[in-house]
Amino acid sequence: MITAAHAIVFAEDPEAARAFFGDTLGLRAVDAGGGWLIFALPPAELACHPTAPEDSGRHELFLMCDDVEATVADLEAAGVEFVTPISDQGFGRMTRMRVPGGGELGLYEPNHPSPLTGD
């Protein structure tokens with residue numbers, strides 16, 4: 001049976017991205033050998049969204065929070081750059097942050113029931 005999920009972020013500058021996840025976001029990590037860091041993530045959900053054929057197979061990673069404004073303020077104080085304003089998407093309020101050397105990452109405050117909490 002499935003016991004966990006392993007997400008991969010591809011980065012042109014993996015050292016900068018690893019520093020962002022470890023030092024800036026404070027995610028715990030283990031060295032899997034040779035400086036190859038594997039970060040612990042919070043509990044996760046998986047959703048399957050409809051899309052147009054040209055976008056089929058595209059995947060995204062979002063971090064979730066309880067209060068998007070407070071989380072954005074905390075992360076901005078730590079030097080994180082946000083590339084979109086907070087917007088209400090119906091399922092929750094979201095924004096996107098820049099991962100140094102590694103593109104963008106979504107952040108959202110869900111307002112839908114969660115399998116993690118049972119509501």
# chains A, B, ... in the order shown; residues from 1 in each chain; ligands from 1
call {"tool": "residues_around", "arguments": {"residues": "Gly22 in chain A", "least_positions_apart": "5", "cutoff": "10 Å", "atoms": "only C-alpha atoms", "output": "NGL selection string"}}
result
:A and (16-17 or 27-29 or 37-40)
call {"tool": "select_by_dssp", "arguments": {"residues": "range 26-119 of chain A", "states": "strand (DSSP E or B)", "output": "PyMOL selection string"}}
result
chain A and resi 29-31+37-39+62-64+82-88+92-98+104-110
call {"tool": "residues_around", "arguments": {"residues": "Gly79 in chain A", "least_positions_apart": "5", "cutoff": "10 Å", "atoms": "only C-alpha atoms", "output": "PDB file with N, CA and C atoms, in the first residue's frame"}}
result
ATOM      1  N   PHE A  20      16.475  27.667   0.682  1.00  0.00           N
ATOM      2  CA  PHE A  20      15.145  28.256   0.842  1.00  0.00           C
ATOM      3  C   PHE A  20      14.246  27.320   1.647  1.00  0.00           C
ATOM      4  N   THR A  24      14.873  29.122   5.107  1.00  0.00           N
ATOM      5  CA  THR A  24      13.803  30.121   5.075  1.00  0.00           C
ATOM      6  C   THR A  24      12.476  29.541   5.535  1.00  0.00           C
ATOM      7  N   ALA A  73       3.037  37.591   5.474  1.00  0.00           N
ATOM      8  CA  ALA A  73       3.777  38.615   6.229  1.00  0.00           C
ATOM      9  C   ALA A  73       5.015  38.012   6.888  1.00  0.00           C
ATOM     10  N   ASP A  74       4.871  36.836   7.504  1.00  0.00           N
ATOM     11  CA  ASP A  74       6.011  36.176   8.142  1.00  0.00           C
ATOM     12  C   ASP A  74       7.087  35.823   7.120  1.00  0.00           C
TER      13      ASP A  74
END
call {"tool": "closest_residue", "arguments": {"among": "A:Glu81, A:Asp31, A:Asp13, A:Asp23", "to": "Gly102 in chain A", "atoms": "only C-alpha atoms"}}
result
A:Asp13
call {"tool": "select_by_dssp", "arguments": {"residues": "chain A", "states": "helix (DSSP H, G or I)", "output": "list of chain:residue names"}}
result
A:Pro14, A:Glu15, A:Ala16, A:Ala17, A:Arg18, A:Ala19, A:Phe20, A:Phe21, A:Gly22, A:Asp23, A:Thr24, A:Pro53, A:Glu54, A:Asp55, A:Val68, A:Glu69, A:Ala70, A:Thr71, A:Val72, A:Ala73, A:Asp74, A:Leu75, A:Glu76, A:Ala77
call {"tool": "closest_residue", "arguments": {"among": "A:Gly33, A:Ala7, A:Phe62, A:Arg96", "to": "Ala47 in chain A", "atoms": "only C-alpha atoms"}}
result
A:Phe62
call {"tool": "residues_around", "arguments": {"residues": "Val68 in chain A", "least_positions_apart": "2", "cutoff": "12 Å", "atoms": "only C-alpha atoms", "output": "list in words"}}
result
Leu63, Met64, Cys65, Asp66, Ala70, Thr71, Val72, Ala73, Asp74, Leu75, Glu76, Phe82, Pro85, Ile86, Ser87, Asp88, Gly92, Arg93, Met94, Thr95, Arg96, Gly106, Leu107, Tyr108, Glu109, Pro110 and Asn111 of chain A
call {"tool": "write_last_selection", "arguments": {"atoms": "C-alpha atoms", "output": "PDB file, in the first residue's frame"}}
result
ATOM      1  CA  LEU A  63       1.907  24.578   0.646  1.00  0.00           C
ATOM      2  CA  MET A  64      -1.152  25.080   2.842  1.00  0.00           C
ATOM      3  CA  CYS A  65      -1.638  27.450   5.773  1.00  0.00           C
ATOM      4  CA  ASP A  66      -4.393  28.537   8.160  1.00  0.00           C
ATOM      5  CA  ALA A  70      -0.173  36.199   8.348  1.00  0.00           C
ATOM      6  CA  THR A  71       1.917  33.541   6.603  1.00  0.00           C
ATOM      7  CA  VAL A  72       2.779  35.896   3.728  1.00  0.00           C
ATOM      8  CA  ALA A  73       3.777  38.615   6.229  1.00  0.00           C
ATOM      9  CA  ASP A  74       6.011  36.176   8.142  1.00  0.00           C
ATOM     10  CA  LEU A  75       7.636  34.867   4.968  1.00  0.00           C
ATOM     11  CA  GLU A  76       8.144  38.360   3.508  1.00  0.00           C
ATOM     12  CA  PHE A  82       5.727  36.745  -3.646  1.00  0.00           C
ATOM     13  CA  PRO A  85      -1.217  38.962  -4.958  1.00  0.00           C
ATOM     14  CA  ILE A  86      -3.456  36.923  -2.671  1.00  0.00           C
ATOM     15  CA  SER A  87      -6.632  36.027  -4.559  1.00  0.00           C
ATOM     16  CA  ASP A  88      -9.844  34.200  -3.712  1.00  0.00           C
ATOM     17  CA  GLY A  92      -9.439  28.987  -0.940  1.00  0.00           C
ATOM     18  CA  ARG A  93      -7.225  32.046  -0.992  1.00  0.00           C
ATOM     19  CA  MET A  94      -3.875  31.676  -2.698  1.00  0.00           C
ATOM     20  CA  THR A  95      -0.674  33.304  -3.849  1.00  0.00           C
ATOM     21  CA  ARG A  96       2.644  32.196  -5.348  1.00  0.00           C
ATOM     22  CA  GLY A 106       1.902  27.999  -4.462  1.00  0.00           C
ATOM     23  CA  LEU A 107       0.656  28.900  -0.993  1.00  0.00           C
ATOM     24  CA  TYR A 108      -2.990  28.679  -0.090  1.00  0.00           C
ATOM     25  CA  GLU A 109      -5.469  28.874   2.751  1.00  0.00           C
ATOM     26  CA  PRO A 110      -8.137  26.286   1.906  1.00  0.00           C
ATOM     27  CA  ASN A 111     -11.786  26.787   2.714  1.00  0.00           C
TER      28      ASN A 111
END
call {"tool": "closest_residue", "arguments": {"among": "A:Leu25, A:Glu15, A:Ala44, A:Ala32", "to": "Thr117 in chain A", "atoms": "only C-alpha atoms"}}
result
A:Ala44
call {"tool": "atom_distance", "arguments": {"atom1": "CA of Val80 in chain A", "atom2": "CA of Val30 in chain A"}}
result
23.0 Å
call {"tool": "atom_distance", "arguments": {"atom1": "CA of Ala19 in chain A", "atom2": "CA of Arg98 in chain A"}}
result
13.0 Å
call {"tool": "residues_around", "arguments": {"residues": "Pro43 in chain A", "least_positions_apart": "2", "cutoff": "8 Å", "atoms": "only C-alpha atoms", "output": "list in words"}}
result
Leu41, Glu45 and Leu116 of chain A
call {"tool": "residues_around", "arguments": {"residues": "Val9 in chain A", "least_positions_apart": "3", "cutoff": "10 Å", "atoms": "only C-alpha atoms", "output": "list in words"}}
result
Pro14, Ala17, Arg18, Glu60, Leu61, Val99, Gly102, Gly103, Glu104 and Leu105 of chain A
call {"tool": "atom_distance", "arguments": {"atom1": "CA of His112 in chain A", "atom2": "CA of Ala78 in chain A"}}
result
28.6 Å
